[in-house]
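Participant: The structure follows.
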Amino acid sequence: MDATGSGLFDVAIVGLGPAGRALASRCAGAGLTVLAVDPAPDAVWRQTLSLWADQVPPWLRADACGTDVLANRVYGPAMYAPERAVLEREYAVLDTEELHAALPLGPGVTVERDTLDDSGVLALTERAHRVVDCRGAGGQRNRGPLQTAYGIVVEADAAAPALGGESALFMDWRSDHDDDEAGPGFLYAIPVGPGRVLLEETCLAGWPAPRPAVLETRLRSRLRRRGVDRAALDEPLAVERVRIPLTPRPRYAANPRVEAFGTAGGYGHAATGYSVAAALGAVPGAVVALGTGRPIPEPRSPLTTALHSLGLRALLRADHETVRELFSAFGRLESRKQRWFLDAASPSYQVGSAMWGMWADMPVQQKAGMIAAVLKKDPRDHAGSSGSD
């Protein structure tokens, strides 16, 4: 019940993934009454959540929340496309258990175990002044492009041949595998904790996206060629399957009291798939908006969103060599422009400058291929996740 005694919660939040739980926790901390709905509200997240260490918001740093939410940090991950580049920035993996604990659902949050469809989300307007959909960008109505990956966690010693002396591999586009069925893809190799490394074959953007079995086959062939022991491949410490929609769910245009946040609200980077840093960083602004009756701020400017969409369009249509040359050019950018491109909330002039720098530094043939990919018509452009409730 809110402070006016109307019987309505101040806000209902549907979905308690990292974005939803952070929003619910901070709203309650700000004095709002919160209804949180999730089928498994106490479940600890098992997926690998990564970001750049400088993207951890101030309120989640150890000196503010009392716990270190980072499981591992590594400076200067390498990229091969196929030439080597080093990204001069500290990359980090979140400790999901510590992150979960740093986002408590205290007495100001009423938790209900339930799975809601879109009509159920809309129905919560009868119980709360504001409703926020944090269920992610998936769902039957989102048939747009996906980022997919298949990975295994192995002991650090077993992973060493795959890393080839690098501390981490941010993107390894080298084609040392047996097939091209999955389209352009790269090896992602990052330490996820003491003595443990995630080795993951990733399709950055696909429409349709390759099946996990296809990515598993490519990963195994790549790792065998690099000398990773078969026993580590056959009996990994953990297996990870990734399926990230790269475009947001349709908006609830018919009811302004219902909004979306996190990947459901477009906080993901359409050209890279990264979302957790942008969502966590936007939580304080969303809390203020919900507490003062204003709309939740957009994740970025419309022009930045358009540039990200342009990059996604190129990734979906370009051939293998063009995509590799694009990221080779990315590796040659100065570090500040790399940051401008990777950070989901960068202003449009920074994103545009980084994208122009990448294109301008590509060989002439691949420049032409990139233009052709962007201009190519595709009937799926009108059959993805467009529309509204």
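By convention in this document, the chains of the structure tokens carry letters A, B, ... by their order, each chain's residues are numbered from 1, and ligands are numbered from 1 in the order they are shown.
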Counting only C-alpha atoms, what is within 10 Å of Thr110 of chain A, bar same-chain residues fewer than 3 positions away, as a list in words?

Facilitator: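 The residues satisfying every condition are Phe9, Ala12, Ala24, Ala28, Thr33, Val34, Leu35, Ala36, Val37, Leu105, Gly106 and Pro107 of chain A.
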
Participant: Write the residues of the preceding selection, restricted to all heavy atoms, as a compact mmCIF listing (two decimals), in the first residue's frame.

Facilitator:
```txt
# COMPACT_ATOMS: atom_id res chain seq x y z
N PHE A 9 0.26 -0.43 -4.69
CA PHE A 9 1.71 -0.31 -4.53
C PHE A 9 2.20 0.88 -5.35
O PHE A 9 1.59 1.25 -6.36
CB PHE A 9 2.40 -1.59 -5.03
CG PHE A 9 2.18 -2.79 -4.14
CD1 PHE A 9 1.14 -3.68 -4.41
CD2 PHE A 9 3.02 -3.04 -3.06
CE1 PHE A 9 0.94 -4.79 -3.61
CE2 PHE A 9 2.83 -4.14 -2.26
CZ PHE A 9 1.78 -5.03 -2.53
N ALA A 12 5.07 -1.96 -9.35
CA ALA A 12 5.14 -3.41 -9.50
C ALA A 12 6.24 -3.72 -10.50
O ALA A 12 6.28 -3.13 -11.59
CB ALA A 12 3.81 -3.98 -9.97
N ALA A 24 14.07 -3.17 -7.93
CA ALA A 24 13.21 -3.40 -6.77
C ALA A 24 13.92 -3.03 -5.47
O ALA A 24 13.36 -2.38 -4.59
CB ALA A 24 12.77 -4.86 -6.74
N ALA A 28 12.81 0.19 -3.04
CA ALA A 28 12.45 0.01 -1.64
C ALA A 28 13.35 0.85 -0.74
O ALA A 28 12.89 1.45 0.24
CB ALA A 28 12.55 -1.47 -1.26
N THR A 33 6.87 1.59 -2.03
CA THR A 33 6.34 0.25 -1.80
C THR A 33 6.38 -0.51 -3.11
O THR A 33 5.96 0.00 -4.15
CB THR A 33 4.91 0.31 -1.26
OG1 THR A 33 4.08 1.04 -2.18
CG2 THR A 33 4.87 0.97 0.10
N VAL A 34 6.89 -1.74 -3.05
CA VAL A 34 7.19 -2.49 -4.26
C VAL A 34 6.52 -3.85 -4.22
O VAL A 34 6.61 -4.57 -3.23
CB VAL A 34 8.71 -2.68 -4.43
CG1 VAL A 34 9.02 -3.46 -5.70
CG2 VAL A 34 9.43 -1.33 -4.45
N LEU A 35 5.87 -4.21 -5.31
CA LEU A 35 5.41 -5.57 -5.55
C LEU A 35 6.34 -6.18 -6.59
O LEU A 35 6.48 -5.64 -7.69
CB LEU A 35 3.97 -5.57 -6.07
CG LEU A 35 3.44 -6.92 -6.58
CD1 LEU A 35 3.39 -7.95 -5.44
CD2 LEU A 35 2.07 -6.77 -7.23
N ALA A 36 7.01 -7.27 -6.25
CA ALA A 36 7.92 -7.94 -7.17
C ALA A 36 7.36 -9.31 -7.52
O ALA A 36 7.00 -10.09 -6.62
CB ALA A 36 9.31 -8.08 -6.54
N VAL A 37 7.27 -9.61 -8.80
CA VAL A 37 6.68 -10.86 -9.26
C VAL A 37 7.70 -11.61 -10.10
O VAL A 37 8.25 -11.08 -11.08
CB VAL A 37 5.41 -10.60 -10.11
CG1 VAL A 37 4.77 -11.92 -10.50
CG2 VAL A 37 4.43 -9.71 -9.33
N LEU A 105 16.02 -7.66 -0.99
CA LEU A 105 14.60 -7.31 -1.08
C LEU A 105 14.08 -7.24 0.36
O LEU A 105 13.66 -8.23 0.94
CB LEU A 105 13.84 -8.36 -1.90
CG LEU A 105 14.34 -8.58 -3.33
CD1 LEU A 105 13.50 -9.64 -4.04
CD2 LEU A 105 14.34 -7.28 -4.13
N GLY A 106 14.12 -6.06 0.93
CA GLY A 106 13.78 -5.87 2.33
C GLY A 106 12.29 -5.79 2.57
O GLY A 106 11.47 -6.17 1.72
N PRO A 107 11.89 -5.28 3.73
CA PRO A 107 10.47 -5.25 4.10
C PRO A 107 9.61 -4.37 3.20
O PRO A 107 8.40 -4.50 3.19
CB PRO A 107 10.50 -4.70 5.54
CG PRO A 107 11.83 -4.04 5.69
CD PRO A 107 12.76 -4.79 4.81
```

Participant: Can you list every residue in segment 28-265 of chain A that DSSP puts in strand (DSSP E or B), as a PyMOL selection string?

Facilitator: chain A and resi 34-38+50-52+70-75+78-80+84-86+90-94+109-113+128-133+146-155+169-172+186-193+196-206+238-245+251+258-260

Participant: Would you mind writing down, as a PDB file with all heavy atoms, in the first residue's frame, each residue of segment 141-226 of chain A that DSSP on the backbone assigns to helix (DSSP H, G or I)?

Facilitator:
```pdb
ATOM      1  N   ALA A 156      42.047 -23.794 -15.181  1.00  0.00           N
ATOM      2  CA  ALA A 156      42.927 -22.857 -15.870  1.00  0.00           C
ATOM      3  C   ALA A 156      44.058 -23.566 -16.611  1.00  0.00           C
ATOM      4  O   ALA A 156      44.425 -23.168 -17.725  1.00  0.00           O
ATOM      5  CB  ALA A 156      43.484 -21.846 -14.874  1.00  0.00           C
ATOM      6  N   ASP A 157      44.610 -24.607 -16.017  1.00  0.00           N
ATOM      7  CA  ASP A 157      45.695 -25.336 -16.686  1.00  0.00           C
ATOM      8  C   ASP A 157      45.210 -25.961 -17.986  1.00  0.00           C
ATOM      9  O   ASP A 157      45.946 -25.976 -18.984  1.00  0.00           O
ATOM     10  CB  ASP A 157      46.260 -26.417 -15.759  1.00  0.00           C
ATOM     11  CG  ASP A 157      47.059 -25.829 -14.593  1.00  0.00           C
ATOM     12  OD1 ASP A 157      47.408 -24.631 -14.656  1.00  0.00           O
ATOM     13  OD2 ASP A 157      47.308 -26.573 -13.616  1.00  0.00           O
ATOM     14  N   ALA A 158      43.993 -26.485 -17.978  1.00  0.00           N
ATOM     15  CA  ALA A 158      43.450 -27.103 -19.184  1.00  0.00           C
ATOM     16  C   ALA A 158      43.164 -26.058 -20.257  1.00  0.00           C
ATOM     17  O   ALA A 158      43.258 -26.346 -21.460  1.00  0.00           O
ATOM     18  CB  ALA A 158      42.174 -27.874 -18.853  1.00  0.00           C
ATOM     19  N   ALA A 159      42.823 -24.839 -19.845  1.00  0.00           N
ATOM     20  CA  ALA A 159      42.482 -23.784 -20.800  1.00  0.00           C
ATOM     21  C   ALA A 159      43.708 -23.113 -21.405  1.00  0.00           C
ATOM     22  O   ALA A 159      43.589 -22.421 -22.424  1.00  0.00           O
ATOM     23  CB  ALA A 159      41.612 -22.731 -20.117  1.00  0.00           C
ATOM     24  N   ALA A 160      44.870 -23.295 -20.797  1.00  0.00           N
ATOM     25  CA  ALA A 160      46.071 -22.563 -21.215  1.00  0.00           C
ATOM     26  C   ALA A 160      46.372 -22.676 -22.702  1.00  0.00           C
ATOM     27  O   ALA A 160      46.712 -21.670 -23.344  1.00  0.00           O
ATOM     28  CB  ALA A 160      47.267 -23.010 -20.373  1.00  0.00           C
ATOM     29  N   PRO A 161      46.277 -23.861 -23.336  1.00  0.00           N
ATOM     30  CA  PRO A 161      46.571 -23.921 -24.774  1.00  0.00           C
ATOM     31  C   PRO A 161      45.627 -23.067 -25.614  1.00  0.00           C
ATOM     32  O   PRO A 161      46.030 -22.532 -26.658  1.00  0.00           O
ATOM     33  CB  PRO A 161      46.399 -25.416 -25.091  1.00  0.00           C
ATOM     34  CG  PRO A 161      46.595 -26.117 -23.801  1.00  0.00           C
ATOM     35  CD  PRO A 161      46.026 -25.211 -22.770  1.00  0.00           C
ATOM     36  N   ALA A 162      44.379 -22.930 -25.186  1.00  0.00           N
ATOM     37  CA  ALA A 162      43.423 -22.110 -25.931  1.00  0.00           C
ATOM     38  C   ALA A 162      43.764 -20.636 -25.836  1.00  0.00           C
ATOM     39  O   ALA A 162      43.582 -19.872 -26.789  1.00  0.00           O
ATOM     40  CB  ALA A 162      42.013 -22.356 -25.409  1.00  0.00           C
ATOM     41  N   LEU A 163      44.278 -20.206 -24.678  1.00  0.00           N
ATOM     42  CA  LEU A 163      44.622 -18.804 -24.466  1.00  0.00           C
ATOM     43  C   LEU A 163      45.934 -18.417 -25.138  1.00  0.00           C
ATOM     44  O   LEU A 163      46.143 -17.245 -25.467  1.00  0.00           O
ATOM     45  CB  LEU A 163      44.703 -18.505 -22.972  1.00  0.00           C
ATOM     46  CG  LEU A 163      43.357 -18.474 -22.243  1.00  0.00           C
ATOM     47  CD1 LEU A 163      43.568 -18.573 -20.744  1.00  0.00           C
ATOM     48  CD2 LEU A 163      42.610 -17.199 -22.576  1.00  0.00           C
ATOM     49  N   PRO A 212      22.790 -24.349 -30.669  1.00  0.00           N
ATOM     50  CA  PRO A 212      23.877 -24.628 -29.726  1.00  0.00           C
ATOM     51  C   PRO A 212      24.753 -25.801 -30.158  1.00  0.00           C
ATOM     52  O   PRO A 212      25.969 -25.767 -29.953  1.00  0.00           O
ATOM     53  CB  PRO A 212      23.134 -24.938 -28.421  1.00  0.00           C
ATOM     54  CG  PRO A 212      21.843 -24.197 -28.533  1.00  0.00           C
ATOM     55  CD  PRO A 212      21.474 -24.252 -29.989  1.00  0.00           C
ATOM     56  N   ALA A 213      24.155 -26.823 -30.759  1.00  0.00           N
ATOM     57  CA  ALA A 213      24.941 -27.984 -31.177  1.00  0.00           C
ATOM     58  C   ALA A 213      25.973 -27.613 -32.240  1.00  0.00           C
ATOM     59  O   ALA A 213      27.080 -28.165 -32.267  1.00  0.00           O
ATOM     60  CB  ALA A 213      24.012 -29.081 -31.708  1.00  0.00           C
ATOM     61  N   VAL A 214      25.617 -26.678 -33.104  1.00  0.00           N
ATOM     62  CA  VAL A 214      26.550 -26.221 -34.134  1.00  0.00           C
ATOM     63  C   VAL A 214      27.718 -25.478 -33.498  1.00  0.00           C
ATOM     64  O   VAL A 214      28.881 -25.687 -33.851  1.00  0.00           O
ATOM     65  CB  VAL A 214      25.817 -25.335 -35.165  1.00  0.00           C
ATOM     66  CG1 VAL A 214      26.806 -24.718 -36.153  1.00  0.00           C
ATOM     67  CG2 VAL A 214      24.765 -26.142 -35.911  1.00  0.00           C
ATOM     68  N   LEU A 215      27.400 -24.612 -32.543  1.00  0.00           N
ATOM     69  CA  LEU A 215      28.450 -23.876 -31.858  1.00  0.00           C
ATOM     70  C   LEU A 215      29.323 -24.802 -31.011  1.00  0.00           C
ATOM     71  O   LEU A 215      30.533 -24.599 -30.905  1.00  0.00           O
ATOM     72  CB  LEU A 215      27.828 -22.785 -30.979  1.00  0.00           C
ATOM     73  CG  LEU A 215      27.105 -21.665 -31.735  1.00  0.00           C
ATOM     74  CD1 LEU A 215      26.366 -20.764 -30.750  1.00  0.00           C
ATOM     75  CD2 LEU A 215      28.068 -20.860 -32.577  1.00  0.00           C
ATOM     76  N   GLU A 216      28.726 -25.818 -30.410  1.00  0.00           N
ATOM     77  CA  GLU A 216      29.501 -26.786 -29.633  1.00  0.00           C
ATOM     78  C   GLU A 216      30.501 -27.508 -30.524  1.00  0.00           C
ATOM     79  O   GLU A 216      31.671 -27.687 -30.154  1.00  0.00           O
ATOM     80  CB  GLU A 216      28.572 -27.791 -28.958  1.00  0.00           C
ATOM     81  CG  GLU A 216      29.325 -28.840 -28.153  1.00  0.00           C
ATOM     82  CD  GLU A 216      28.414 -29.901 -27.561  1.00  0.00           C
ATOM     83  OE1 GLU A 216      27.201 -29.874 -27.846  1.00  0.00           O
ATOM     84  OE2 GLU A 216      28.921 -30.759 -26.815  1.00  0.00           O
ATOM     85  N   THR A 217      30.051 -27.911 -31.712  1.00  0.00           N
ATOM     86  CA  THR A 217      30.945 -28.601 -32.637  1.00  0.00           C
ATOM     87  C   THR A 217      32.125 -27.717 -33.031  1.00  0.00           C
ATOM     88  O   THR A 217      33.284 -28.150 -33.051  1.00  0.00           O
ATOM     89  CB  THR A 217      30.174 -29.027 -33.898  1.00  0.00           C
ATOM     90  OG1 THR A 217      29.153 -29.957 -33.524  1.00  0.00           O
ATOM     91  CG2 THR A 217      31.094 -29.679 -34.914  1.00  0.00           C
ATOM     92  N   ARG A 218      31.834 -26.447 -33.325  1.00  0.00           N
ATOM     93  CA  ARG A 218      32.915 -25.530 -33.695  1.00  0.00           C
ATOM     94  C   ARG A 218      33.866 -25.316 -32.519  1.00  0.00           C
ATOM     95  O   ARG A 218      35.087 -25.300 -32.697  1.00  0.00           O
ATOM     96  CB  ARG A 218      32.353 -24.198 -34.167  1.00  0.00           C
ATOM     97  CG  ARG A 218      33.450 -23.174 -34.458  1.00  0.00           C
ATOM     98  CD  ARG A 218      32.904 -21.846 -34.906  1.00  0.00           C
ATOM     99  NE  ARG A 218      32.475 -21.910 -36.293  1.00  0.00           N
ATOM    100  CZ  ARG A 218      32.075 -20.836 -36.986  1.00  0.00           C
ATOM    101  NH1 ARG A 218      32.022 -19.648 -36.391  1.00  0.00           N
ATOM    102  NH2 ARG A 218      31.701 -20.950 -38.239  1.00  0.00           N
ATOM    103  N   LEU A 219      33.328 -25.141 -31.319  1.00  0.00           N
ATOM    104  CA  LEU A 219      34.179 -24.923 -30.157  1.00  0.00           C
ATOM    105  C   LEU A 219      35.103 -26.106 -29.926  1.00  0.00           C
ATOM    106  O   LEU A 219      36.313 -25.937 -29.709  1.00  0.00           O
ATOM    107  CB  LEU A 219      33.308 -24.689 -28.911  1.00  0.00           C
ATOM    108  CG  LEU A 219      34.077 -24.520 -27.593  1.00  0.00           C
ATOM    109  CD1 LEU A 219      34.901 -23.249 -27.603  1.00  0.00           C
ATOM    110  CD2 LEU A 219      33.105 -24.516 -26.407  1.00  0.00           C
ATOM    111  N   ARG A 220      34.560 -27.306 -29.991  1.00  0.00           N
ATOM    112  CA  ARG A 220      35.376 -28.488 -29.743  1.00  0.00           C
ATOM    113  C   ARG A 220      36.477 -28.615 -30.796  1.00  0.00           C
ATOM    114  O   ARG A 220      37.626 -28.947 -30.468  1.00  0.00           O
ATOM    115  CB  ARG A 220      34.500 -29.745 -29.721  1.00  0.00           C
ATOM    116  CG  ARG A 220      33.576 -29.810 -28.503  1.00  0.00           C
ATOM    117  CD  ARG A 220      32.708 -31.077 -28.551  1.00  0.00           C
ATOM    118  NE  ARG A 220      33.511 -32.281 -28.432  1.00  0.00           N
ATOM    119  CZ  ARG A 220      33.818 -32.875 -27.298  1.00  0.00           C
ATOM    120  NH1 ARG A 220      33.397 -32.374 -26.156  1.00  0.00           N
ATOM    121  NH2 ARG A 220      34.539 -33.981 -27.285  1.00  0.00           N
ATOM    122  N   SER A 221      36.148 -28.357 -32.057  1.00  0.00           N
ATOM    123  CA  SER A 221      37.165 -28.476 -33.098  1.00  0.00           C
ATOM    124  C   SER A 221      38.254 -27.418 -32.917  1.00  0.00           C
ATOM    125  O   SER A 221      39.444 -27.692 -33.092  1.00  0.00           O
ATOM    126  CB  SER A 221      36.534 -28.363 -34.487  1.00  0.00           C
ATOM    127  OG  SER A 221      36.085 -27.046 -34.755  1.00  0.00           O
ATOM    128  N   ARG A 222      37.851 -26.204 -32.554  1.00  0.00           N
ATOM    129  CA  ARG A 222      38.835 -25.137 -32.344  1.00  0.00           C
ATOM    130  C   ARG A 222      39.769 -25.476 -31.176  1.00  0.00           C
ATOM    131  O   ARG A 222      40.993 -25.316 -31.267  1.00  0.00           O
ATOM    132  CB  ARG A 222      38.098 -23.823 -32.064  1.00  0.00           C
ATOM    133  CG  ARG A 222      39.026 -22.607 -32.022  1.00  0.00           C
ATOM    134  CD  ARG A 222      38.333 -21.409 -31.410  1.00  0.00           C
ATOM    135  NE  ARG A 222      37.230 -20.872 -32.156  1.00  0.00           N
ATOM    136  CZ  ARG A 222      37.319 -19.927 -33.084  1.00  0.00           C
ATOM    137  NH1 ARG A 222      38.512 -19.443 -33.408  1.00  0.00           N
ATOM    138  NH2 ARG A 222      36.237 -19.468 -33.693  1.00  0.00           N
ATOM    139  N   LEU A 223      39.179 -25.938 -30.064  1.00  0.00           N
ATOM    140  CA  LEU A 223      39.986 -26.216 -28.879  1.00  0.00           C
ATOM    141  C   LEU A 223      40.883 -27.432 -29.079  1.00  0.00           C
ATOM    142  O   LEU A 223      42.020 -27.474 -28.583  1.00  0.00           O
ATOM    143  CB  LEU A 223      39.076 -26.410 -27.667  1.00  0.00           C
ATOM    144  CG  LEU A 223      38.249 -25.175 -27.265  1.00  0.00           C
ATOM    145  CD1 LEU A 223      37.404 -25.476 -26.030  1.00  0.00           C
ATOM    146  CD2 LEU A 223      39.134 -23.965 -27.020  1.00  0.00           C
ATOM    147  N   ARG A 224      40.384 -28.441 -29.816  1.00  0.00           N
ATOM    148  CA  ARG A 224      41.244 -29.600 -30.111  1.00  0.00           C
ATOM    149  C   ARG A 224      42.440 -29.171 -30.936  1.00  0.00           C
ATOM    150  O   ARG A 224      43.566 -29.628 -30.694  1.00  0.00           O
ATOM    151  CB  ARG A 224      40.445 -30.684 -30.840  1.00  0.00           C
ATOM    152  CG  ARG A 224      39.516 -31.494 -29.946  1.00  0.00           C
ATOM    153  CD  ARG A 224      39.130 -32.814 -30.609  1.00  0.00           C
ATOM    154  NE  ARG A 224      38.526 -32.603 -31.922  1.00  0.00           N
ATOM    155  CZ  ARG A 224      37.220 -32.458 -32.135  1.00  0.00           C
ATOM    156  NH1 ARG A 224      36.383 -32.494 -31.111  1.00  0.00           N
ATOM    157  NH2 ARG A 224      36.747 -32.277 -33.347  1.00  0.00           N
ATOM    158  N   ARG A 225      42.227 -28.315 -31.929  1.00  0.00           N
ATOM    159  CA  ARG A 225      43.339 -27.847 -32.757  1.00  0.00           C
ATOM    160  C   ARG A 225      44.371 -27.091 -31.934  1.00  0.00           C
ATOM    161  O   ARG A 225      45.571 -27.111 -32.263  1.00  0.00           O
ATOM    162  CB  ARG A 225      42.823 -26.937 -33.869  1.00  0.00           C
ATOM    163  CG  ARG A 225      42.141 -27.652 -35.012  1.00  0.00           C
ATOM    164  CD  ARG A 225      41.943 -26.692 -36.162  1.00  0.00           C
ATOM    165  NE  ARG A 225      41.276 -27.293 -37.302  1.00  0.00           N
ATOM    166  CZ  ARG A 225      41.202 -26.712 -38.488  1.00  0.00           C
ATOM    167  NH1 ARG A 225      41.756 -25.522 -38.683  1.00  0.00           N
ATOM    168  NH2 ARG A 225      40.581 -27.294 -39.492  1.00  0.00           N
ATOM    169  N   ARG A 226      43.932 -26.430 -30.871  1.00  0.00           N
ATOM    170  CA  ARG A 226      44.868 -25.663 -30.048  1.00  0.00           C
ATOM    171  C   ARG A 226      45.523 -26.507 -28.968  1.00  0.00           C
ATOM    172  O   ARG A 226      46.358 -26.006 -28.219  1.00  0.00           O
ATOM    173  CB  ARG A 226      44.148 -24.467 -29.422  1.00  0.00           C
ATOM    174  CG  ARG A 226      43.658 -23.483 -30.455  1.00  0.00           C
ATOM    175  CD  ARG A 226      43.249 -22.161 -29.854  1.00  0.00           C
ATOM    176  NE  ARG A 226      42.687 -21.283 -30.872  1.00  0.00           N
ATOM    177  CZ  ARG A 226      42.382 -20.002 -30.696  1.00  0.00           C
ATOM    178  NH1 ARG A 226      42.593 -19.448 -29.500  1.00  0.00           N
ATOM    179  NH2 ARG A 226      41.879 -19.276 -31.673  1.00  0.00           N
TER     180      ARG A 226
END
```

Participant: With distances taken over only C-alpha atoms, which residue among A:Gly206, A:Pro250, A:Gly7, A:Pro191 lies nearest Tyr75 of chain A?

Facilitator: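 With only C-alpha atoms as the atom set, the closest residue is A:Pro191.
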
Participant: Show which residues sit within 9 Å of segment 295-305 of chain A, as a ChimeraX atom specification. Count only C-alpha atoms, and ignore same-chain residues fewer than 4 positions away.

Facilitator: /A:256-257,259-262,265-270,278-279,282,285-290,309-310,344-352

Participant: Find the residues near Leu312 of chain A: any atom within 8 Å, counting only C-alpha atoms, skip ones fewer than 3 places away on the same chain, and give them as a list in words.

Facilitator: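 Returned residues: Ala205, Ala270, Ala271, His308, Ser309, Leu315 and Leu316 of chain A.
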
Participant: Report as a list in words all protein, DNA and RNA residues lying within 7 Å of Gly15 of chain A, evaluated on only C-alpha atoms, omitting residues in the same chain fewer than 2 positions from it.

Facilitator: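 Near neighbours after the sequence-gap exclusion: Ile13, Gly17, Gly20, Val37, Asp38, Asp133, Cys134 and Arg135 of chain A.
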
Participant: Pull C-alpha atoms from the residues just selected and write them as a PDB file, in the first residue's frame.

Facilitator:
```
ATOM      1  CA  ILE A  13       8.262  -4.992 -10.993  1.00  0.00           C
ATOM      2  CA  GLY A  17      16.916 -10.819 -12.966  1.00  0.00           C
ATOM      3  CA  GLY A  20      14.650  -6.151 -11.992  1.00  0.00           C
ATOM      4  CA  VAL A  37       6.677 -10.859  -9.263  1.00  0.00           C
ATOM      5  CA  ASP A  38       8.915 -13.690 -10.435  1.00  0.00           C
ATOM      6  CA  ASP A 133       8.453  -5.164 -17.129  1.00  0.00           C
ATOM      7  CA  CYS A 134      11.925  -6.578 -16.432  1.00  0.00           C
ATOM      8  CA  ARG A 135      11.370 -10.030 -17.952  1.00  0.00           C
TER       9      ARG A 135
END
```

Participant: To one decimal in Å, tell me the separation between atom CA of Arg251 of chain A and atom CA of Leu146 of chain A.

Facilitator: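 If I compute the distance from atom CA of Arg251 of chain A to atom CA of Leu146 of chain A, I get 18.6 Å.
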